[in-house]
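Report on one structure; see the data block that follows.
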Amino acid sequence: MSNLYFGFDLSTQQLKLLVTREDLSLHSTYKIEFDKDLPHYKTNKGVYSNESTGEIYAPVKMWIEALDVILANMAQDQFPFDKVAGISGSGQQHGSVYWSGDADVILESLNPQEKLVDQISPKAFTLETSPNWQDHSTGEEISKFESFIGGAENLAKITGSRAHYRFTGPQIRKIVKEHDDIYHNTKRITLVSSFLASLLIGKVSNTEEAEACGMNLYDIEKKQWNDELLSICTITHEKDGIKDESIRSKAINELKSKIGDVVKIGYNSLGSISPYYIKKYGFNPNCQIFPFTGDNLATILALPLNQDEFLVSLGTSTTVLLVTKSYIPSSNYHLFIHPTIPDAYMGMICYCNGALAREKVRDELNKKHGKESGDWSLFNELLDKSQNFNGDLGCYFPLGEIVPNAKAQTIRAKYDFKTGNIEIVDKPWDVELDVPSIVESQALSCRARASPMLSVKDDELKPGLHDLELDEKIIKAESLNQRPTKVFYVGGASANKSIVNKISEVLGPIEGNYRSDNANSCAVGGAYKAHWSNECLKQDKFINFHEFLTEKFNWNDVEKIDAKNKWEEYLPGLSVLNKLEQDLVK
Ligand code: XUL
């Protein structure tokens, strides 16, 4: 039997483990759903929430128990643990875990006769919960991060992102503010991904470099922690009123020792699997644990995603991920260092209003026509019929939106093809018009906002194309003139052919659109990362990740979408989007 590779995915609602073979084929999948399989933690969708403060957090103990249970289930299936050559994986991004001074000793001396959870928790932690990426309680902290460092744009320039509630730096600052004692008693702080890696190597692991970009603390270009941001994080910045330089540098050094050095991008292993798992489950002592990364970062490793290609995840929210070689940061999106390609970055745009907003239109349509609310047939029929762009667009935000940063609202506009005029339509129009309009508007927003991350190939500007101003930032016509080479669709709504077809027409990639059925892409990405790293170690050289994946990738796993390319037809839509967004209530 060939080597096997593990890809873990510690996400909000479950711990998933996917096992792949040498030819990248799937060997098996295991999962523990927190609410259902570990009901004694009484989580709701994997978390606890405090509505009055906006706090959302998860019990760390539950994650350890999930690892116990998943491995025990595999042992029951007589899983061939001795064949596992490498393990990697990912965690929900930004969440942090607070380890006590006892953690390393506890992790190093685990007794295989006992469960992990009883030995590790609570003694190895100073805080029993981990702030979750859905948390909204750090309003004060994010405003300090941005204003002290010279604005959102400057923070994005240094760290790849403006300040966000969920980012680890602002979350740590809140803990320093509210629980100074807990903070000082904390020996190490890891992210969720490095927490899971720590359990497997039997010592507290440093954080992987791509994942460190989700903290608002790491200087991407200088490839080091940014001291000024560390001082903001520890409430010792000059603008916090701390004049004494020695207090500041002491605080910066204290935080540096807690967060540790980052694990630079590469194929090196964090270490072999801890003896606990060798003795308890029969893992091979040579099984290597490779750095764990963030879930979005692992997702791009599941497909042979090249520069200028988009991965559009159509989940509850819409997320656009792409690989770019140019570091052009903006407060409109996120940039992370690429987890396996040293000179590349991952761009990410997150929208709140994805599936939910489309479902709202679908339900109104069905109500009008006496159809059942969850039925997509009429919505899809109208979408398929809408052959040409008719100039109607809207912003459909049943929830407050991240990009553009705006309150919950719906506004619509019409484009006059004869005069070029754009008119904001005050009253709702027929819901039938909303069907193409919502999908086209969502796609145009992705297209406009992702365009600065594309490389400039075509310098002949299309007529009628000019600069846009979105989110108080200029997007140059030269960027808007570019289109992606390929687009891959994943996530729940990617199963809806009509929606994918329409988005494909608007995005208009040069080499076509593909759909992947794989609902486990971040776990797959983790397994591929382990496999690639192990291969590099074996050959003792850096193998190009993209070539590695392209060579082995089974293109039968993705479906080619047969959509028309209407990129050019939608050029006027960019101006309509611009006008609409200027009219939004912020
Ligand atoms: C990304 C983010 C979410 C989590 C989900 O910035 O916060 O996508 O990673 O697990």
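FYI, nothing fancy with the structure tokens labels: chains A, B, ... in order, residues from 1 per chain, ligands from 1 as they appear.
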Counting only C-alpha atoms and all ligand atoms, which protein, DNA or RNA residues come within 8 Å of ligand 1, given as a PDB file with N, CA and C atoms, in the first residue's frame?
```
ATOM      1  N   SER A  11     -12.530  23.536  11.524  1.00  0.00           N
ATOM      2  CA  SER A  11     -13.347  24.690  11.156  1.00  0.00           C
ATOM      3  C   SER A  11     -14.309  25.021  12.289  1.00  0.00           C
ATOM      4  N   THR A  12     -15.224  25.939  12.030  1.00  0.00           N
ATOM      5  CA  THR A  12     -16.095  26.438  13.100  1.00  0.00           C
ATOM      6  C   THR A  12     -17.008  25.337  13.633  1.00  0.00           C
ATOM      7  N   GLY A  91      -6.812  25.576   9.956  1.00  0.00           N
ATOM      8  CA  GLY A  91      -7.785  25.947  10.982  1.00  0.00           C
ATOM      9  C   GLY A  91      -8.538  27.171  10.520  1.00  0.00           C
ATOM     10  N   GLN A  92      -9.696  27.399  11.133  1.00  0.00           N
ATOM     11  CA  GLN A  92     -10.425  28.640  10.908  1.00  0.00           C
ATOM     12  C   GLN A  92      -9.437  29.775  11.205  1.00  0.00           C
ATOM     13  N   GLN A  93      -9.456  30.790  10.385  1.00  0.00           N
ATOM     14  CA  GLN A  93      -8.423  31.817  10.520  1.00  0.00           C
ATOM     15  C   GLN A  93      -8.686  32.760  11.694  1.00  0.00           C
ATOM     16  N   HIS A  94      -7.624  33.371  12.146  1.00  0.00           N
ATOM     17  CA  HIS A  94      -7.604  34.490  13.123  1.00  0.00           C
ATOM     18  C   HIS A  94      -7.806  34.099  14.581  1.00  0.00           C
ATOM     19  N   TRP A 133     -13.693  33.839  14.545  1.00  0.00           N
ATOM     20  CA  TRP A 133     -13.634  34.814  13.442  1.00  0.00           C
ATOM     21  C   TRP A 133     -14.950  35.576  13.252  1.00  0.00           C
ATOM     22  N   GLN A 134     -16.058  35.093  13.849  1.00  0.00           N
ATOM     23  CA  GLN A 134     -17.339  35.810  13.699  1.00  0.00           C
ATOM     24  C   GLN A 134     -17.525  36.879  14.780  1.00  0.00           C
ATOM     25  N   ARG A 166     -12.176  40.467  13.647  1.00  0.00           N
ATOM     26  CA  ARG A 166     -11.768  39.094  13.904  1.00  0.00           C
ATOM     27  C   ARG A 166     -10.258  38.898  13.925  1.00  0.00           C
ATOM     28  N   PHE A 167      -9.503  39.862  13.421  1.00  0.00           N
ATOM     29  CA  PHE A 167      -8.055  39.654  13.306  1.00  0.00           C
ATOM     30  C   PHE A 167      -7.413  39.548  14.691  1.00  0.00           C
ATOM     31  N   GLY A 214      -2.937  37.021   8.951  1.00  0.00           N
ATOM     32  CA  GLY A 214      -4.308  37.275   9.387  1.00  0.00           C
ATOM     33  C   GLY A 214      -4.362  37.850  10.793  1.00  0.00           C
ATOM     34  N   GLY A 294      -4.049  28.593   7.382  1.00  0.00           N
ATOM     35  CA  GLY A 294      -5.450  29.003   7.536  1.00  0.00           C
ATOM     36  C   GLY A 294      -6.339  28.292   6.528  1.00  0.00           C
ATOM     37  N   ASP A 295      -7.621  28.196   6.826  1.00  0.00           N
ATOM     38  CA  ASP A 295      -8.506  27.406   5.955  1.00  0.00           C
ATOM     39  C   ASP A 295      -8.616  27.975   4.531  1.00  0.00           C
ATOM     40  N   ASN A 296      -8.665  29.301   4.404  1.00  0.00           N
ATOM     41  CA  ASN A 296      -8.745  29.853   3.046  1.00  0.00           C
ATOM     42  C   ASN A 296      -7.448  29.613   2.288  1.00  0.00           C
ATOM     43  N   THR A 319     -16.730  34.299  -1.229  1.00  0.00           N
ATOM     44  CA  THR A 319     -15.318  34.611  -1.040  1.00  0.00           C
ATOM     45  C   THR A 319     -14.597  34.403  -2.369  1.00  0.00           C
ATOM     46  N   CYS A 350     -13.926  39.099   0.864  1.00  0.00           N
ATOM     47  CA  CYS A 350     -15.025  38.423   1.580  1.00  0.00           C
ATOM     48  C   CYS A 350     -16.270  39.295   1.528  1.00  0.00           C
TER      49      CYS A 350
END
```
Quiz item: Where in stretch 432-544 of chain A does DSSP assign strand (DSSP E or B), given as a list in words?
Solution: Leu468, Glu469, Leu470, Lys473, Ile474, Ile475, Val487, Phe488, Tyr489, Val490, Asn513, Tyr514, Arg515 and Ser516 of chain A
How close does stretch 447-536 of chain A get to stretch 367-390 of chain A? List, as CSV, each residue of stretch 447-536 of chain A within 8 Å, its nearest atom pair and the distance in Å to one decimal, counting only C-alpha atoms.
```
residue,atom,partner,partner_atom,distance
A:Ser498,CA,A:Asn380,CA,5.5
A:Ile499,CA,A:Asn380,CA,7.3
A:Lys502,CA,A:Leu383,CA,7.4
```
Mind dumping the selected residues with N, CA, C and O atoms as a PDB file, in the first residue's frame?
```
ATOM      1  N   SER A 498     -27.341  27.576 -13.231  1.00  0.00           N
ATOM      2  CA  SER A 498     -27.762  28.861 -13.785  1.00  0.00           C
ATOM      3  C   SER A 498     -26.977  30.008 -13.157  1.00  0.00           C
ATOM      4  O   SER A 498     -26.553  30.941 -13.848  1.00  0.00           O
ATOM      5  N   ILE A 499     -26.792  29.931 -11.839  1.00  0.00           N
ATOM      6  CA  ILE A 499     -26.045  30.996 -11.151  1.00  0.00           C
ATOM      7  C   ILE A 499     -24.592  30.991 -11.604  1.00  0.00           C
ATOM      8  O   ILE A 499     -24.020  32.029 -11.959  1.00  0.00           O
ATOM      9  N   LYS A 502     -24.209  32.403 -15.113  1.00  0.00           N
ATOM     10  CA  LYS A 502     -24.310  33.869 -15.201  1.00  0.00           C
ATOM     11  C   LYS A 502     -23.034  34.535 -14.664  1.00  0.00           C
ATOM     12  O   LYS A 502     -22.489  35.452 -15.290  1.00  0.00           O
TER      13      LYS A 502
END
```
Quiz item: How many Å lie between atom CA of A:Thr129 and atom CA of A:Ser96, rounded to one decimal?
Solution: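 Distance reported for this atom pair: 8.8 Å.
Taking only C-alpha atoms, the non-local environment of A:Val60 within 7 Å (same-chain residues fewer than 2 positions away omitted) comprises Ala58, Met62, Trp63, Ile64, Glu128, Thr129 and Ser130 of chain A.
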Exercise. Measuring atom to atom with only C-alpha atoms, identify which of A:Ala495, A:Gly394, A:Tyr165, A:Leu480 is nearest to A:Glu55.
Key: A:Tyr165
Counting only C-alpha atoms, which residues of stretch 259-362 of chain A fall within 6 Å of stretch 76-85 of chain A, and what is the closest atom pair for each with its distance in Å at one decimal, ordered by chain and rising number, as JSON lines?
```
{"residue": "A:Gly282", "atom": "CA", "partner": "A:Asp82", "partner_atom": "CA", "distance": 5.8}
{"residue": "A:Phe283", "atom": "CA", "partner": "A:Asp82", "partner_atom": "CA", "distance": 4.5}
{"residue": "A:Asn284", "atom": "CA", "partner": "A:Asp82", "partner_atom": "CA", "distance": 4.6}
{"residue": "A:Cys287", "atom": "CA", "partner": "A:Ala85", "partner_atom": "CA", "distance": 4.6}
```
Could the residues in this selection be saved with C-alpha atoms as a compact mmCIF listing (two decimals), in the first residue's frame?
```
# COMPACT_ATOMS: atom_id res chain seq x y z
CA GLY A 282 0.56 2.78 15.67
CA PHE A 283 1.67 5.79 13.62
CA ASN A 284 5.02 5.43 11.91
CA CYS A 287 5.49 10.51 10.07
```
Quiz item: To one decimal place, how far is atom CA of A:Ser249 from atom CA of A:Ser231 in Å?
Solution: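 Spanning atom CA of A:Ser249 to atom CA of A:Ser231 is a straight-line distance of 7.9 Å.
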Quiz item: What is the distance between atom CA of A:Val204 and atom CA of A:Ile189, in Å to one decimal?
Solution: 8.9 Å
Name the residues in contact with stretch 23-40 of chain A at a cut-off of 8 Å, using only C-alpha atoms, excluding same-chain residues fewer than 2 positions from it; report them as an mmCIF file with N, CA, C and O atoms, in the first residue's frame.
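New file part-v6.cif:
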```cif
data_model
loop_
_atom_site.group_PDB
_atom_site.id
_atom_site.type_symbol
_atom_site.label_atom_id
_atom_site.label_comp_id
_atom_site.auth_asym_id
_atom_site.auth_seq_id
_atom_site.Cartn_x
_atom_site.Cartn_y
_atom_site.Cartn_z
ATOM 1 N N LEU A 4 0.200 7.385 2.727
ATOM 2 C CA LEU A 4 -1.031 8.166 2.886
ATOM 3 C C LEU A 4 -0.677 9.524 3.483
ATOM 4 O O LEU A 4 0.339 9.666 4.167
ATOM 5 N N GLN A 13 -17.557 24.526 12.729
ATOM 6 C CA GLN A 13 -18.577 23.574 13.161
ATOM 7 C C GLN A 13 -18.110 22.142 13.241
ATOM 8 O O GLN A 13 -18.828 21.283 13.708
ATOM 9 N N GLN A 14 -16.922 21.871 12.728
ATOM 10 C CA GLN A 14 -16.469 20.473 12.745
ATOM 11 C C GLN A 14 -14.957 20.338 12.625
ATOM 12 O O GLN A 14 -14.276 21.266 12.198
ATOM 13 N N LEU A 15 -14.500 19.158 13.017
ATOM 14 C CA LEU A 15 -13.110 18.781 12.730
ATOM 15 C C LEU A 15 -13.196 17.732 11.634
ATOM 16 O O LEU A 15 -13.870 16.711 11.798
ATOM 17 N N LYS A 16 -12.533 18.012 10.535
ATOM 18 C CA LYS A 16 -12.585 17.074 9.415
ATOM 19 C C LYS A 16 -11.183 16.539 9.169
ATOM 20 O O LYS A 16 -10.201 17.251 9.378
ATOM 21 N N LEU A 17 -11.110 15.301 8.718
ATOM 22 C CA LEU A 17 -9.804 14.723 8.379
ATOM 23 C C LEU A 17 -9.960 13.977 7.068
ATOM 24 O O LEU A 17 -10.793 13.078 6.947
ATOM 25 N N LEU A 18 -9.160 14.367 6.122
ATOM 26 C CA LEU A 18 -9.231 13.757 4.809
ATOM 27 C C LEU A 18 -7.914 13.061 4.495
ATOM 28 O O LEU A 18 -6.846 13.623 4.757
ATOM 29 N N VAL A 19 -8.000 11.860 3.985
ATOM 30 C CA VAL A 19 -6.793 11.074 3.746
ATOM 31 C C VAL A 19 -6.624 10.868 2.245
ATOM 32 O O VAL A 19 -7.568 10.444 1.566
ATOM 33 N N THR A 20 -5.430 11.218 1.724
ATOM 34 C CA THR A 20 -5.191 11.032 0.284
ATOM 35 C C THR A 20 -4.035 10.059 0.055
ATOM 36 O O THR A 20 -3.204 9.834 0.930
ATOM 37 N N ARG A 21 -4.011 9.528 -1.180
ATOM 38 C CA ARG A 21 -2.948 8.590 -1.563
ATOM 39 C C ARG A 21 -1.884 9.314 -2.399
ATOM 40 O O ARG A 21 -2.052 10.486 -2.734
ATOM 41 N N LYS A 42 -22.467 21.965 24.490
ATOM 42 C CA LYS A 42 -23.622 22.863 24.304
ATOM 43 C C LYS A 42 -23.301 24.062 23.410
ATOM 44 O O LYS A 42 -23.702 25.196 23.687
ATOM 45 N N THR A 43 -22.534 23.833 22.359
ATOM 46 C CA THR A 43 -22.257 24.932 21.427
ATOM 47 C C THR A 43 -23.402 25.035 20.428
ATOM 48 O O THR A 43 -24.139 24.065 20.200
ATOM 49 N N ASN A 44 -23.547 26.195 19.848
ATOM 50 C CA ASN A 44 -24.520 26.389 18.782
ATOM 51 C C ASN A 44 -23.717 26.706 17.529
ATOM 52 O O ASN A 44 -23.011 27.711 17.486
ATOM 53 N N LYS A 45 -23.776 25.816 16.552
ATOM 54 C CA LYS A 45 -22.936 25.897 15.358
ATOM 55 C C LYS A 45 -21.456 26.049 15.733
ATOM 56 O O LYS A 45 -20.707 26.833 15.142
ATOM 57 N N GLY A 46 -21.075 25.313 16.771
ATOM 58 C CA GLY A 46 -19.659 25.237 17.154
ATOM 59 C C GLY A 46 -19.163 26.360 18.049
ATOM 60 O O GLY A 46 -17.988 26.379 18.410
ATOM 61 N N MET A 62 -13.085 21.342 23.568
ATOM 62 C CA MET A 62 -13.934 20.595 22.615
ATOM 63 C C MET A 62 -13.113 20.160 21.389
ATOM 64 O O MET A 62 -13.274 19.058 20.868
ATOM 65 N N ALA A 66 -12.379 16.429 20.130
ATOM 66 C CA ALA A 66 -12.698 16.038 18.749
ATOM 67 C C ALA A 66 -11.535 15.244 18.137
ATOM 68 O O ALA A 66 -11.750 14.264 17.418
ATOM 69 N N VAL A 69 -11.624 11.756 19.573
ATOM 70 C CA VAL A 69 -12.724 10.937 19.056
ATOM 71 C C VAL A 69 -12.472 10.543 17.595
ATOM 72 O O VAL A 69 -12.700 9.401 17.193
ATOM 73 N N ILE A 70 -11.964 11.479 16.810
ATOM 74 C CA ILE A 70 -11.759 11.168 15.387
ATOM 75 C C ILE A 70 -10.723 10.043 15.238
ATOM 76 O O ILE A 70 -10.912 9.105 14.452
ATOM 77 N N MET A 74 -11.203 6.136 13.854
ATOM 78 C CA MET A 74 -10.370 5.555 12.793
ATOM 79 C C MET A 74 -9.761 4.234 13.260
ATOM 80 O O MET A 74 -9.687 3.270 12.503
ATOM 81 N N TYR A 528 -2.654 17.791 0.418
ATOM 82 C CA TYR A 528 -1.726 18.029 -0.695
ATOM 83 C C TYR A 528 -0.464 18.744 -0.200
ATOM 84 O O TYR A 528 0.643 18.503 -0.678
ATOM 85 N N LYS A 552 -0.081 15.946 -11.182
ATOM 86 C CA LYS A 552 -0.832 14.838 -10.597
ATOM 87 C C LYS A 552 -2.346 15.063 -10.631
ATOM 88 O O LYS A 552 -3.112 14.134 -10.378
ATOM 89 N N PHE A 553 -2.773 16.306 -10.874
ATOM 90 C CA PHE A 553 -4.191 16.641 -10.709
ATOM 91 C C PHE A 553 -5.074 15.884 -11.699
ATOM 92 O O PHE A 553 -4.754 15.761 -12.877
#
```
Quiz item: Skipping near chain neighbours, those fewer than 4 positions away, what residues fall within 9 Å of A:Ile158 using only C-alpha atoms, listed as a PyMOL selection string?
Solution: chain A and resi 153-154+216-222+226+329
Practice problem: Name the closest residue to A:Val524 among the candidates A:Val403, A:Leu297, A:Leu470, A:Ala563; distances are taken between atoms, counting only C-alpha atoms. | Solution: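 Smallest separation from A:Val524 among the options: A:Leu297.
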Quiz item: Can you list, as a PyMOL selection string, every residue of stretch 36-255 of chain A that DSSP puts in alpha helix (DSSP H)?
Solution: chain A and resi 36-37+60-76+103-108+116-120+139-149+152-159+168-178+180-185+192-201+209-212+227-233+245-255
Please, which residues in stretch 232-281 of chain A fall within 8 Å of stretch 112-126 of chain A when counting only C-alpha atoms, and what is the closest atom pair and distance in Å to one decimal for each, ordered by chain then residue number, as CSV?
```
residue,atom,partner,partner_atom,distance
A:Tyr276,CA,A:Pro112,CA,5.2
A:Tyr277,CA,A:Pro112,CA,7.3
A:Lys279,CA,A:Pro112,CA,6.3
A:Lys280,CA,A:Pro112,CA,5.2
```
Selected residues, N, CA and C atoms, written as a PDB file, in the first residue's frame, please.
```pdb
ATOM      1  N   TYR A 276       3.087   9.867  21.653  1.00  0.00           N
ATOM      2  CA  TYR A 276       1.731   9.535  22.116  1.00  0.00           C
ATOM      3  C   TYR A 276       0.958   8.790  21.033  1.00  0.00           C
ATOM      4  N   TYR A 277       1.010   9.333  19.792  1.00  0.00           N
ATOM      5  CA  TYR A 277       0.199   8.763  18.703  1.00  0.00           C
ATOM      6  C   TYR A 277       0.838   7.488  18.145  1.00  0.00           C
ATOM      7  N   LYS A 279       2.503   5.287  20.002  1.00  0.00           N
ATOM      8  CA  LYS A 279       2.173   4.201  20.943  1.00  0.00           C
ATOM      9  C   LYS A 279       0.677   3.883  20.946  1.00  0.00           C
ATOM     10  N   LYS A 280      -0.140   4.908  20.883  1.00  0.00           N
ATOM     11  CA  LYS A 280      -1.579   4.674  21.024  1.00  0.00           C
ATOM     12  C   LYS A 280      -2.225   4.138  19.745  1.00  0.00           C
TER      13      LYS A 280
END
```
Quiz item: Within 9 Å of stretch 420-435 of chain A, counting only C-alpha atoms, which residues qualify if same-chain residues fewer than 6 places away don't, as a PyMOL selection string?
Solution: chain A and resi 358+361-362+364-365+368+379-380+382-383+391-394+410-414+572+575-576+579-580+583
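The smallest atom-to-atom distance between A:Ile337 and any of A:Leu67, A:Cys213, A:His237, A:Glu51, using only C-alpha atoms, is found for A:Cys213.
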Practice problem: With a distance cut-off of 12 Å and only C-alpha atoms, select the neighbouring residues of A:Glu478, excluding the residue or stretch itself and same-chain residues fewer than 2 positions from it, and output the selection as a list in words. | Solution: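 Answer for this query is Ala448, Ser451, Pro452, Met453, Leu454, Ser455, Val456, Lys457, Asp458, Asp459, Glu460, Leu461, Lys462, Pro463, Leu465, His466, Asp467, Leu468, Ile474, Ile475, Lys476, Leu480, Asn481, Gln482 and Arg483 of chain A.
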For those residues, write N, CA and C atoms to a file as a compact mmCIF listing (two decimals), in the first residue's frame.
```txt
# COMPACT_ATOMS: atom_id res chain seq x y z
N ALA A 448 -14.69 43.85 -10.42
CA ALA A 448 -14.05 45.16 -10.27
C ALA A 448 -13.01 45.12 -9.16
N SER A 451 -9.82 43.08 -9.80
CA SER A 451 -9.01 43.41 -10.98
C SER A 451 -7.64 44.02 -10.67
N PRO A 452 -7.48 44.83 -9.58
CA PRO A 452 -6.12 45.34 -9.33
C PRO A 452 -5.11 44.24 -8.99
N MET A 453 -5.61 43.04 -8.66
CA MET A 453 -4.67 41.96 -8.32
C MET A 453 -4.28 41.13 -9.55
N LEU A 454 -4.86 41.46 -10.70
CA LEU A 454 -4.51 40.72 -11.91
C LEU A 454 -3.29 41.36 -12.56
N SER A 455 -2.50 40.56 -13.27
CA SER A 455 -1.35 41.17 -13.94
C SER A 455 -1.82 41.82 -15.24
N VAL A 456 -1.18 42.92 -15.58
CA VAL A 456 -1.61 43.67 -16.77
C VAL A 456 -1.02 43.00 -18.02
N LYS A 457 -1.93 42.46 -18.85
CA LYS A 457 -1.47 41.75 -20.06
C LYS A 457 -1.87 42.53 -21.30
N ASP A 458 -3.07 43.15 -21.20
CA ASP A 458 -3.63 43.79 -22.38
C ASP A 458 -3.63 45.30 -22.16
N ASP A 459 -2.77 46.04 -22.88
CA ASP A 459 -2.73 47.46 -22.56
C ASP A 459 -3.61 48.31 -23.47
N GLU A 460 -4.30 47.68 -24.38
CA GLU A 460 -5.21 48.48 -25.20
C GLU A 460 -6.56 48.60 -24.47
N LEU A 461 -6.80 49.82 -23.96
CA LEU A 461 -8.01 50.02 -23.14
C LEU A 461 -9.27 49.86 -23.98
N LYS A 462 -10.24 49.14 -23.44
CA LYS A 462 -11.53 49.00 -24.12
C LYS A 462 -12.24 50.36 -24.11
N PRO A 463 -12.88 50.73 -25.23
CA PRO A 463 -13.56 52.02 -25.26
C PRO A 463 -14.61 52.12 -24.16
N LEU A 465 -14.13 52.60 -21.07
CA LEU A 465 -13.66 52.16 -19.75
C LEU A 465 -12.90 53.29 -19.07
N HIS A 466 -13.27 53.61 -17.85
CA HIS A 466 -12.51 54.63 -17.12
C HIS A 466 -12.38 54.24 -15.65
N ASP A 467 -11.57 55.02 -14.92
CA ASP A 467 -11.32 54.70 -13.51
C ASP A 467 -12.63 54.67 -12.72
N LEU A 468 -12.68 53.81 -11.72
CA LEU A 468 -13.84 53.78 -10.82
C LEU A 468 -13.39 54.21 -9.43
N ILE A 474 -9.47 54.60 -5.83
CA ILE A 474 -9.57 54.57 -7.29
C ILE A 474 -9.16 53.19 -7.80
N ILE A 475 -9.97 52.60 -8.64
CA ILE A 475 -9.55 51.38 -9.36
C ILE A 475 -9.28 51.82 -10.79
N LYS A 476 -8.05 51.64 -11.22
CA LYS A 476 -7.62 52.17 -12.51
C LYS A 476 -8.28 51.42 -13.68
N LEU A 480 -9.18 47.39 -14.63
CA LEU A 480 -10.51 46.93 -15.04
C LEU A 480 -10.49 46.33 -16.44
N ASN A 481 -9.47 46.66 -17.20
CA ASN A 481 -9.32 46.17 -18.57
C ASN A 481 -8.86 44.70 -18.61
N GLN A 482 -8.40 44.19 -17.44
CA GLN A 482 -7.85 42.82 -17.42
C GLN A 482 -8.94 41.83 -17.00
N ARG A 483 -8.77 40.59 -17.43
CA ARG A 483 -9.70 39.55 -16.99
C ARG A 483 -8.94 38.31 -16.52
```
Self-check item: Counting only C-alpha atoms, the residue of A:Asn73, A:Ser100, A:Thr340, A:Ser2 that sits nearest A:Glu211
Solution: A:Thr340
